[in-house]
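Q: File follows, protein-v2.cif with mmCIF, C-alpha atoms:
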data_entry
loop_
_atom_site.label_atom_id
_atom_site.label_comp_id
_atom_site.auth_asym_id
_atom_site.auth_seq_id
_atom_site.Cartn_x
_atom_site.Cartn_y
_atom_site.Cartn_z
CA MET P 1 33.98 7.98 -111.11
CA ASP P 2 36.16 10.87 -112.29
CA ASN P 3 38.33 10.67 -109.15
CA GLN P 4 38.97 6.91 -109.46
CA HIS P 5 42.20 5.59 -110.92
CA ASP P 6 41.69 3.95 -114.32
CA PRO P 7 44.62 1.63 -115.16
CA PHE P 8 43.70 1.66 -118.87
CA LEU P 9 43.78 5.44 -119.24
CA ASP P 10 46.56 6.05 -116.69
CA PRO P 11 49.17 3.27 -116.53
CA SER P 12 50.94 4.83 -113.54
CA PRO P 13 50.32 3.15 -110.16
CA PRO P 14 47.56 4.69 -108.03
CA PRO P 15 48.67 6.99 -105.20
CA ARG P 16 49.22 5.21 -101.91
CA VAL P 17 46.74 6.02 -99.16
CA ALA P 18 48.22 6.19 -95.66
CA SER P 19 46.76 3.87 -93.07
CA TRP P 20 45.05 5.21 -89.97
CA ARG P 21 48.06 4.17 -87.89
CA GLU P 22 50.40 6.22 -90.06
CA THR P 23 48.03 9.18 -89.93
CA ALA P 24 47.73 8.97 -86.14
CA ALA P 25 51.50 8.64 -85.75
CA GLY P 26 52.03 11.72 -87.92
CA ILE P 27 49.59 13.76 -85.85
CA LEU P 28 51.12 12.62 -82.56
CA ALA P 29 54.58 13.53 -83.82
CA LEU P 30 53.43 17.12 -84.31
CA ALA P 31 51.57 17.32 -80.99
CA PRO P 32 54.48 18.13 -78.61
CA ALA P 33 55.66 21.18 -80.55
CA LEU P 34 52.09 22.40 -81.06
CA PHE P 35 51.40 21.97 -77.35
CA ILE P 36 54.52 23.90 -76.38
CA GLY P 37 53.58 26.70 -78.77
CA GLN P 38 50.11 27.05 -77.30
CA LEU P 39 51.46 26.75 -73.77
CA GLY P 40 53.82 29.64 -74.41
CA TRP P 41 51.05 32.00 -75.46
CA VAL P 42 48.75 30.95 -72.62
CA GLY P 43 51.66 31.47 -70.24
CA MET P 44 51.97 35.07 -71.40
CA LYS P 45 48.43 35.79 -70.28
CA VAL P 46 49.08 34.10 -66.94
CA THR P 47 52.25 36.12 -66.31
CA ASP P 48 50.46 39.34 -67.30
CA THR P 49 47.71 38.67 -64.78
CA ALA P 50 50.20 37.73 -62.07
CA LEU P 51 52.31 40.84 -62.58
CA LEU P 52 49.32 43.17 -62.64
CA GLY P 53 47.99 41.48 -59.53
CA HIS P 54 51.18 42.48 -57.71
CA VAL P 55 50.66 46.08 -58.81
CA GLY P 56 47.15 46.26 -57.40
CA THR P 57 43.48 45.64 -58.02
CA HIS P 58 43.10 48.88 -59.99
CA ALA P 59 45.62 47.81 -62.64
CA LEU P 60 44.18 44.30 -62.82
CA ALA P 61 40.63 45.61 -63.20
CA ALA P 62 41.68 48.10 -65.88
CA ALA P 63 43.48 45.41 -67.88
CA SER P 64 40.49 43.08 -67.57
CA LEU P 65 38.17 45.83 -68.77
CA SER P 66 40.43 46.44 -71.75
CA ASP P 67 40.52 42.71 -72.54
CA LEU P 68 36.75 42.63 -72.60
CA TRP P 69 36.76 44.90 -75.66
CA THR P 70 40.01 43.89 -77.37
CA MET P 71 39.29 40.17 -77.19
CA ALA P 72 35.74 40.62 -78.45
CA SER P 73 36.90 42.61 -81.48
CA GLY P 74 40.18 40.74 -81.90
CA VAL P 75 38.40 37.69 -83.30
CA LEU P 76 38.24 39.55 -86.61
CA ILE P 77 41.98 39.05 -87.12
CA GLN P 78 42.20 35.41 -86.06
CA GLY P 79 42.28 34.14 -89.66
CA ARG P 80 42.36 30.39 -89.00
CA VAL P 81 41.55 29.16 -92.52
CA LEU P 82 44.98 29.61 -94.10
CA GLY P 83 46.20 26.24 -92.85
CA ILE P 84 43.39 24.48 -94.72
CA PHE P 85 44.19 26.16 -98.03
CA VAL P 86 47.93 25.67 -97.66
CA GLY P 87 47.47 22.03 -96.69
CA ASN P 88 45.36 21.41 -99.79
CA ALA P 89 47.86 23.27 -101.96
CA VAL P 90 50.80 21.27 -100.60
CA GLY P 91 48.92 18.01 -101.09
CA ALA P 92 48.06 18.95 -104.66
CA ALA P 93 51.66 19.96 -105.34
CA LYS P 94 52.94 16.61 -104.06
CA ALA P 95 50.44 14.87 -106.33
CA GLY P 96 51.63 16.97 -109.26
CA THR P 97 48.26 18.59 -109.89
CA ALA P 98 49.18 22.11 -108.74
CA PRO P 99 52.33 24.25 -108.61
CA TRP P 100 54.23 24.59 -105.35
CA GLN P 101 53.86 28.36 -105.58
CA LEU P 102 50.15 28.04 -104.81
CA ALA P 103 50.81 27.65 -101.08
CA GLY P 104 52.84 30.86 -101.03
CA GLU P 105 50.14 32.66 -102.98
CA TRP P 106 47.56 31.69 -100.37
CA LEU P 107 49.86 33.10 -97.68
CA GLN P 108 50.15 36.39 -99.54
CA VAL P 109 46.39 36.64 -100.03
CA SER P 110 45.73 35.90 -96.38
CA VAL P 111 48.24 38.49 -95.14
CA ALA P 112 46.84 41.11 -97.53
CA VAL P 113 43.23 40.52 -96.47
CA LEU P 114 44.03 40.46 -92.77
CA GLY P 115 46.18 43.55 -93.22
CA VAL P 116 43.12 45.49 -94.33
CA ILE P 117 40.99 44.05 -91.53
CA SER P 118 43.75 44.85 -89.03
CA CYS P 119 43.45 48.55 -89.81
CA PHE P 120 39.78 48.38 -88.85
CA VAL P 121 40.55 46.46 -85.65
CA MET P 122 43.26 48.95 -84.72
CA GLY P 123 40.66 51.68 -85.01
CA LEU P 124 38.34 49.73 -82.72
CA TRP P 125 41.06 49.29 -80.12
CA ALA P 126 42.00 52.96 -80.33
CA ALA P 127 38.37 53.77 -79.50
CA THR P 128 38.40 51.69 -76.32
CA GLY P 129 37.81 54.72 -74.11
CA PRO P 130 34.65 55.97 -75.86
CA VAL P 131 33.31 52.42 -76.16
CA LEU P 132 33.75 51.74 -72.45
CA ARG P 133 32.03 55.02 -71.60
CA LEU P 134 29.03 53.89 -73.63
CA THR P 135 28.88 50.72 -71.54
CA ARG P 136 28.88 52.79 -68.34
CA ALA P 137 32.06 51.17 -67.07
CA ASP P 138 33.81 52.49 -63.98
CA ALA P 139 35.09 55.93 -64.98
CA ALA P 140 38.18 55.53 -62.81
CA LEU P 141 39.28 52.49 -64.82
CA ILE P 142 38.67 53.81 -68.33
CA PRO P 143 41.89 55.88 -68.77
CA ASP P 144 44.17 52.97 -67.87
CA ALA P 145 42.03 50.48 -69.81
CA SER P 146 42.32 52.70 -72.88
CA TYR P 147 46.08 53.00 -72.38
CA PHE P 148 46.38 49.22 -72.13
CA SER P 149 44.49 48.82 -75.42
CA LEU P 150 46.77 51.32 -77.15
CA VAL P 151 49.81 49.32 -76.07
CA LEU P 152 48.25 46.13 -77.44
CA LEU P 153 47.34 47.95 -80.65
CA ALA P 154 51.01 48.28 -81.56
CA CYS P 155 51.34 44.49 -81.49
CA ILE P 156 48.61 43.76 -84.05
CA PRO P 157 50.85 43.67 -87.18
CA ALA P 158 53.31 41.24 -85.56
CA ARG P 159 50.46 39.17 -84.15
CA VAL P 160 48.80 38.79 -87.55
CA LEU P 161 52.05 38.01 -89.34
CA PHE P 162 53.08 35.39 -86.77
CA SER P 163 49.67 33.73 -86.87
CA GLN P 164 49.72 33.38 -90.64
CA LEU P 165 53.31 32.18 -90.80
CA GLN P 166 52.56 29.63 -88.09
CA GLN P 167 49.65 28.22 -90.08
CA TYR P 168 51.67 28.28 -93.29
CA LEU P 169 54.47 26.25 -91.73
CA SER P 170 52.25 23.96 -89.67
CA ALA P 171 50.36 22.93 -92.80
CA GLN P 172 53.72 21.65 -94.07
CA ARG P 173 54.49 19.85 -90.78
CA ILE P 174 57.00 22.50 -89.72
CA VAL P 175 56.07 23.27 -86.12
CA LYS P 176 59.31 23.67 -84.16
CA PRO P 177 59.97 27.33 -85.14
CA ALA P 178 56.60 28.44 -83.75
CA ALA P 179 57.22 26.55 -80.50
CA ALA P 180 60.64 28.15 -80.11
CA VAL P 181 59.27 31.63 -80.78
CA ALA P 182 56.48 31.09 -78.25
CA LEU P 183 58.94 30.12 -75.52
CA VAL P 184 61.23 33.04 -76.30
CA GLY P 185 58.21 35.34 -76.28
CA LEU P 186 57.12 33.99 -72.90
CA ALA P 187 60.56 34.66 -71.41
CA ALA P 188 60.70 38.15 -72.94
CA ASN P 189 57.18 38.89 -71.72
CA LEU P 190 58.13 37.99 -68.16
CA LEU P 191 61.35 40.01 -68.25
CA LEU P 192 59.74 43.09 -69.79
CA GLY P 193 56.85 42.75 -67.36
CA TYR P 194 59.24 43.15 -64.46
CA LEU P 195 60.78 46.20 -66.08
CA LEU P 196 57.68 47.95 -67.45
CA VAL P 197 54.89 46.88 -65.09
CA LEU P 198 56.56 46.40 -61.73
CA GLY P 199 59.24 48.95 -62.53
CA VAL P 200 62.16 46.78 -61.42
CA PRO P 201 64.67 48.34 -60.95
CA THR P 202 63.64 51.72 -62.41
CA GLY P 203 60.52 52.35 -60.33
CA PRO P 204 56.79 51.80 -60.85
CA SER P 205 55.16 52.12 -64.25
CA ARG P 206 52.04 54.06 -65.11
CA PHE P 207 49.90 51.17 -63.88
CA GLY P 208 51.80 51.09 -60.59
CA THR P 209 51.32 54.82 -60.09
CA ALA P 210 47.63 54.64 -60.95
CA SER P 211 47.14 51.79 -58.53
CA ARG P 212 48.69 53.71 -55.65
CA HIS P 213 46.53 56.76 -56.42
CA ALA P 214 43.43 54.56 -56.41
CA ARG P 215 44.29 53.17 -52.98
CA SER P 216 45.15 56.56 -51.46
#
Rewrite the structure from the file as C-alpha coordinates, please.

A:
Amino acid sequence: MDNQHDPFLDPSPPPRVASWRETAAGILALAPALFIGQLGWVGMKVTDTALLGHVGTHALAAASLSDLWTMASGVLIQGRVLGIFVGNAVGAAKAGTAPWQLAGEWLQVSVAVLGVISCFVMGLWAATGPVLRLTRADAALIPDASYFSLVLLACIPARVLFSQLQQYLSAQRIVKPAAAVALVGLAANLLLGYLLVLGVPTGPSRFGTASRHARS
(Lines of atoms letter the chains of each structure in order from A and count residues from 1; the text may use other names and numbers.)
(Lines give C-alpha, C1' and ligand atoms only; values in the text may rest on other atoms or scores of the structure.)
Protein backbone atom coordinates (compact mmCIF):
# COMPACT_ATOMS: atom_id res chain seq x y z
CA MET A 1 0.00 0.00 0.00
CA ASP A 2 2.87 2.38 0.74
CA ASN A 3 4.09 2.23 -2.88
CA GLN A 4 0.66 3.01 -4.39
CA HIS A 5 -0.20 6.50 -5.57
CA ASP A 6 -2.81 8.18 -3.35
CA PRO A 7 -4.50 11.07 -5.20
CA PHE A 8 -5.74 12.57 -1.91
CA LEU A 9 -2.30 12.78 -0.29
CA ASP A 10 -0.36 13.44 -3.50
CA PRO A 11 -2.27 15.49 -6.10
CA SER A 12 0.45 15.07 -8.73
CA PRO A 13 -0.32 12.58 -11.53
CA PRO A 14 1.06 9.05 -11.03
CA PRO A 15 4.26 8.19 -12.91
CA ARG A 16 3.66 6.68 -16.33
CA VAL A 17 4.59 3.03 -16.71
CA ALA A 18 6.09 2.10 -20.08
CA SER A 19 4.32 -0.58 -22.06
CA TRP A 20 6.02 -3.84 -22.94
CA ARG A 21 6.36 -2.66 -26.54
CA GLU A 22 8.22 0.46 -25.46
CA THR A 23 10.43 -1.58 -23.16
CA ALA A 24 11.23 -4.09 -25.89
CA ALA A 25 11.94 -1.31 -28.39
CA GLY A 26 14.32 0.35 -25.94
CA ILE A 27 16.21 -2.89 -25.38
CA LEU A 28 16.45 -3.63 -29.10
CA ALA A 29 17.76 -0.12 -29.74
CA LEU A 30 20.69 -0.83 -27.41
CA ALA A 31 21.36 -4.32 -28.79
CA PRO A 32 23.48 -3.45 -31.88
CA ALA A 33 26.05 -1.40 -29.96
CA LEU A 34 26.19 -3.97 -27.15
CA PHE A 35 26.67 -6.76 -29.70
CA ILE A 36 29.48 -4.89 -31.44
CA GLY A 37 31.18 -4.27 -28.11
CA GLN A 38 31.09 -7.93 -27.15
CA LEU A 39 32.13 -8.97 -30.65
CA GLY A 40 35.20 -6.77 -30.42
CA TRP A 41 36.43 -8.39 -27.22
CA VAL A 42 35.71 -11.92 -28.46
CA GLY A 43 37.56 -11.04 -31.65
CA MET A 44 40.65 -10.18 -29.63
CA LYS A 45 40.79 -13.70 -28.25
CA VAL A 46 40.32 -15.15 -31.72
CA THR A 47 43.13 -13.05 -33.20
CA ASP A 48 45.41 -13.95 -30.28
CA THR A 49 44.84 -17.65 -30.89
CA ALA A 50 45.32 -17.28 -34.64
CA LEU A 51 48.58 -15.35 -34.28
CA LEU A 52 50.01 -17.76 -31.72
CA GLY A 53 49.00 -20.66 -33.93
CA HIS A 54 51.20 -19.22 -36.69
CA VAL A 55 54.12 -19.06 -34.25
CA GLY A 56 53.84 -22.72 -33.30
CA THR A 57 52.22 -25.25 -31.03
CA HIS A 58 54.58 -24.44 -28.16
CA ALA A 59 53.44 -20.82 -27.97
CA LEU A 60 49.79 -21.77 -28.33
CA ALA A 61 50.04 -24.40 -25.60
CA ALA A 62 51.86 -22.01 -23.26
CA ALA A 63 49.23 -19.31 -23.75
CA SER A 64 46.43 -21.83 -23.18
CA LEU A 65 48.10 -23.02 -20.00
CA SER A 66 48.36 -19.44 -18.80
CA ASP A 67 44.70 -18.80 -19.63
CA LEU A 68 43.70 -21.77 -17.52
CA TRP A 69 44.96 -19.97 -14.42
CA THR A 70 44.31 -16.33 -15.30
CA MET A 71 40.73 -16.92 -16.41
CA ALA A 72 39.95 -19.01 -13.34
CA SER A 73 41.22 -16.31 -10.98
CA GLY A 74 40.15 -13.39 -13.18
CA VAL A 75 36.50 -13.90 -12.27
CA LEU A 76 37.25 -12.08 -9.03
CA ILE A 77 37.54 -8.77 -10.90
CA GLN A 78 34.51 -9.15 -13.15
CA GLY A 79 32.33 -6.89 -10.97
CA ARG A 80 29.05 -7.14 -12.89
CA VAL A 81 26.72 -5.64 -10.27
CA LEU A 82 27.52 -1.96 -10.82
CA GLY A 83 25.03 -1.66 -13.68
CA ILE A 84 22.19 -2.74 -11.37
CA PHE A 85 23.02 -0.14 -8.72
CA VAL A 86 23.56 2.63 -11.25
CA GLY A 87 20.34 1.76 -13.06
CA ASN A 88 18.39 1.96 -9.81
CA ALA A 89 20.10 5.22 -8.88
CA VAL A 90 19.33 6.79 -12.26
CA GLY A 91 15.71 5.66 -12.05
CA ALA A 92 15.38 7.10 -8.57
CA ALA A 93 16.98 10.36 -9.68
CA LYS A 94 14.54 10.69 -12.57
CA ALA A 95 11.68 10.10 -10.14
CA GLY A 96 13.09 12.77 -7.84
CA THR A 97 13.62 10.42 -4.90
CA ALA A 98 17.43 10.38 -4.98
CA PRO A 99 20.21 12.77 -6.03
CA TRP A 100 21.90 12.31 -9.39
CA GLN A 101 25.25 12.07 -7.62
CA LEU A 102 24.28 8.65 -6.26
CA ALA A 103 25.12 6.94 -9.56
CA GLY A 104 28.60 8.45 -9.53
CA GLU A 105 29.09 7.43 -5.92
CA TRP A 106 28.31 3.83 -6.80
CA LEU A 107 30.92 4.01 -9.56
CA GLN A 108 33.53 5.29 -7.12
CA VAL A 109 32.72 2.58 -4.58
CA SER A 110 32.91 -0.13 -7.22
CA VAL A 111 36.26 1.06 -8.57
CA ALA A 112 37.68 1.33 -5.05
CA VAL A 113 36.57 -2.17 -4.06
CA LEU A 114 37.74 -3.76 -7.29
CA GLY A 115 41.01 -1.85 -7.01
CA VAL A 116 41.77 -3.67 -3.77
CA ILE A 117 40.71 -7.02 -5.21
CA SER A 118 42.82 -6.34 -8.31
CA CYS A 119 45.96 -6.20 -6.20
CA PHE A 120 45.20 -9.69 -4.94
CA VAL A 121 44.50 -10.97 -8.47
CA MET A 122 47.72 -9.42 -9.75
CA GLY A 123 49.55 -11.38 -7.09
CA LEU A 124 47.84 -14.57 -8.23
CA TRP A 125 48.80 -13.96 -11.84
CA ALA A 126 52.38 -13.16 -10.85
CA ALA A 127 52.50 -16.57 -9.16
CA THR A 128 51.47 -18.42 -12.32
CA GLY A 129 54.77 -20.29 -12.53
CA PRO A 130 54.68 -21.79 -9.01
CA VAL A 131 50.98 -22.60 -9.35
CA LEU A 132 51.49 -24.46 -12.62
CA ARG A 133 54.37 -26.42 -11.10
CA LEU A 134 52.04 -27.57 -8.33
CA THR A 135 49.63 -28.87 -10.98
CA ARG A 136 52.46 -30.85 -12.61
CA ALA A 137 52.08 -29.04 -15.92
CA ASP A 138 54.59 -29.53 -18.70
CA ALA A 139 57.81 -27.99 -17.40
CA ALA A 140 58.79 -26.82 -20.88
CA LEU A 141 55.66 -24.66 -21.10
CA ILE A 142 55.75 -23.07 -17.66
CA PRO A 143 58.32 -20.28 -18.35
CA ASP A 144 56.41 -18.94 -21.35
CA ALA A 145 53.05 -19.42 -19.64
CA SER A 146 54.31 -17.39 -16.69
CA TYR A 147 55.63 -14.70 -19.04
CA PHE A 148 52.26 -14.52 -20.78
CA SER A 149 50.51 -14.04 -17.42
CA LEU A 150 52.89 -11.23 -16.47
CA VAL A 151 52.06 -9.41 -19.70
CA LEU A 152 48.34 -9.76 -18.98
CA LEU A 153 48.91 -8.59 -15.42
CA ALA A 154 49.84 -5.13 -16.64
CA CYS A 155 46.41 -4.82 -18.27
CA ILE A 156 44.37 -5.44 -15.12
CA PRO A 157 43.93 -1.76 -14.06
CA ALA A 158 42.72 -0.72 -17.52
CA ARG A 159 40.51 -3.80 -17.76
CA VAL A 160 38.80 -3.06 -14.44
CA LEU A 161 38.35 0.63 -15.19
CA PHE A 162 36.89 -0.04 -18.65
CA SER A 163 34.51 -2.67 -17.30
CA GLN A 164 33.13 -0.35 -14.64
CA LEU A 165 32.82 2.64 -16.95
CA GLN A 166 31.04 0.47 -19.50
CA GLN A 167 28.48 -0.62 -16.92
CA TYR A 168 28.11 2.93 -15.62
CA LEU A 169 27.33 4.27 -19.08
CA SER A 170 25.25 1.30 -20.23
CA ALA A 171 22.96 1.70 -17.23
CA GLN A 172 22.22 5.17 -18.61
CA ARG A 173 21.66 3.85 -22.16
CA ILE A 174 25.02 5.16 -23.37
CA VAL A 175 26.52 2.22 -25.26
CA LYS A 176 28.22 3.63 -28.36
CA PRO A 177 31.50 4.65 -26.65
CA ALA A 178 32.12 1.10 -25.41
CA ALA A 179 31.43 -0.32 -28.88
CA ALA A 180 33.84 2.14 -30.48
CA VAL A 181 36.56 1.37 -27.93
CA ALA A 182 36.10 -2.37 -28.48
CA LEU A 183 36.55 -2.02 -32.24
CA VAL A 184 39.60 0.21 -31.84
CA GLY A 185 41.02 -2.27 -29.34
CA LEU A 186 40.46 -5.14 -31.76
CA ALA A 187 42.32 -3.32 -34.53
CA ALA A 188 45.16 -2.36 -32.18
CA ASN A 189 45.36 -5.92 -30.86
CA LEU A 190 45.75 -7.29 -34.38
CA LEU A 191 48.37 -4.71 -35.35
CA LEU A 192 50.41 -5.13 -32.18
CA GLY A 193 50.09 -8.89 -32.52
CA TYR A 194 51.85 -8.75 -35.86
CA LEU A 195 54.60 -6.61 -34.38
CA LEU A 196 55.10 -8.29 -31.00
CA VAL A 197 54.10 -11.92 -31.61
CA LEU A 198 55.00 -12.60 -35.22
CA GLY A 199 57.79 -10.04 -35.16
CA VAL A 200 56.78 -8.33 -38.41
CA PRO A 201 58.96 -6.64 -39.57
CA THR A 202 61.44 -6.66 -36.67
CA GLY A 203 61.87 -10.42 -36.26
CA PRO A 204 60.32 -13.07 -34.02
CA SER A 205 59.27 -12.33 -30.46
CA ARG A 206 60.09 -14.34 -27.37
CA PHE A 207 57.24 -16.72 -28.17
CA GLY A 208 58.54 -17.19 -31.70
CA THR A 209 62.04 -17.96 -30.44
CA ALA A 210 60.74 -20.38 -27.82
CA SER A 211 58.66 -22.17 -30.41
CA ARG A 212 61.63 -22.70 -32.71
CA HIS A 213 63.72 -24.04 -29.82
CA ALA A 214 60.94 -26.46 -28.92
CA ARG A 215 60.82 -27.81 -32.47
CA SER A 216 64.61 -28.12 -32.83

Q: On this file, the PyMOL selection byres ((chain P and resi 131-140) around 9) gives some set of residues; write that set as a ChimeraX atom specification.

A: /P:58,62,65-66,69,124,127-130,141-146,214

Q: Just want the 10 Å neighbourhood of Ala98 in chain P, counted on all atoms listed in the file, with same-chain residues fewer than 6 positions away dropped. Output as a PyMOL selection string.

A: chain P and resi 88-92

Q: With all atoms listed in the file counted and 7 Å as the cut-off, give the residues of range 128-211 of chain P in contact with range 28-34 of chain P, each with its shortest interatomic distance in Å and the pair that gives it, as a Markdown table.

A:
| residue | atom | partner | partner_atom | distance |
| --- | --- | --- | --- | --- |
| P:Val175 | CA | P:Ala33 | CA | 6.0 |
| P:Lys176 | CA | P:Ala33 | CA | 5.7 |
| P:Ala179 | CA | P:Ala33 | CA | 5.6 |

Q: Rounded to one decimal place, report the CA of Ser64 in chain P-CA of Phe35 in chain P distance in Å.

A: 25.7 Å

Q: In Å, with one decimal, what is the gap from CA of Val160 in chain P to CA of Val109 in chain P?

A: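 Distance reported for this atom pair: 12.9 Å.
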
Q: Given the file above and the PyMOL selection byres ((chain P and resi 75) around 12), which residues are selected, and can you give them as a tab-separated table (two decimals) with C-alpha atoms, keeping the file's coordinate frame?

A:
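Now in expr-v9.tsv:
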chain	number	residue	atom	x	y	z
P	68	LEU	CA	36.75	42.63	-72.60
P	69	TRP	CA	36.76	44.90	-75.66
P	70	THR	CA	40.01	43.89	-77.37
P	71	MET	CA	39.29	40.17	-77.19
P	72	ALA	CA	35.74	40.62	-78.45
P	73	SER	CA	36.90	42.61	-81.48
P	74	GLY	CA	40.18	40.74	-81.90
P	76	LEU	CA	38.24	39.55	-86.61
P	77	ILE	CA	41.98	39.05	-87.12
P	78	GLN	CA	42.20	35.41	-86.06
P	79	GLY	CA	42.28	34.14	-89.66
P	80	ARG	CA	42.36	30.39	-89.00
P	114	LEU	CA	44.03	40.46	-92.77
P	117	ILE	CA	40.99	44.05	-91.53
P	118	SER	CA	43.75	44.85	-89.03
P	121	VAL	CA	40.55	46.46	-85.65
P	156	ILE	CA	48.61	43.76	-84.05
P	160	VAL	CA	48.80	38.79	-87.55
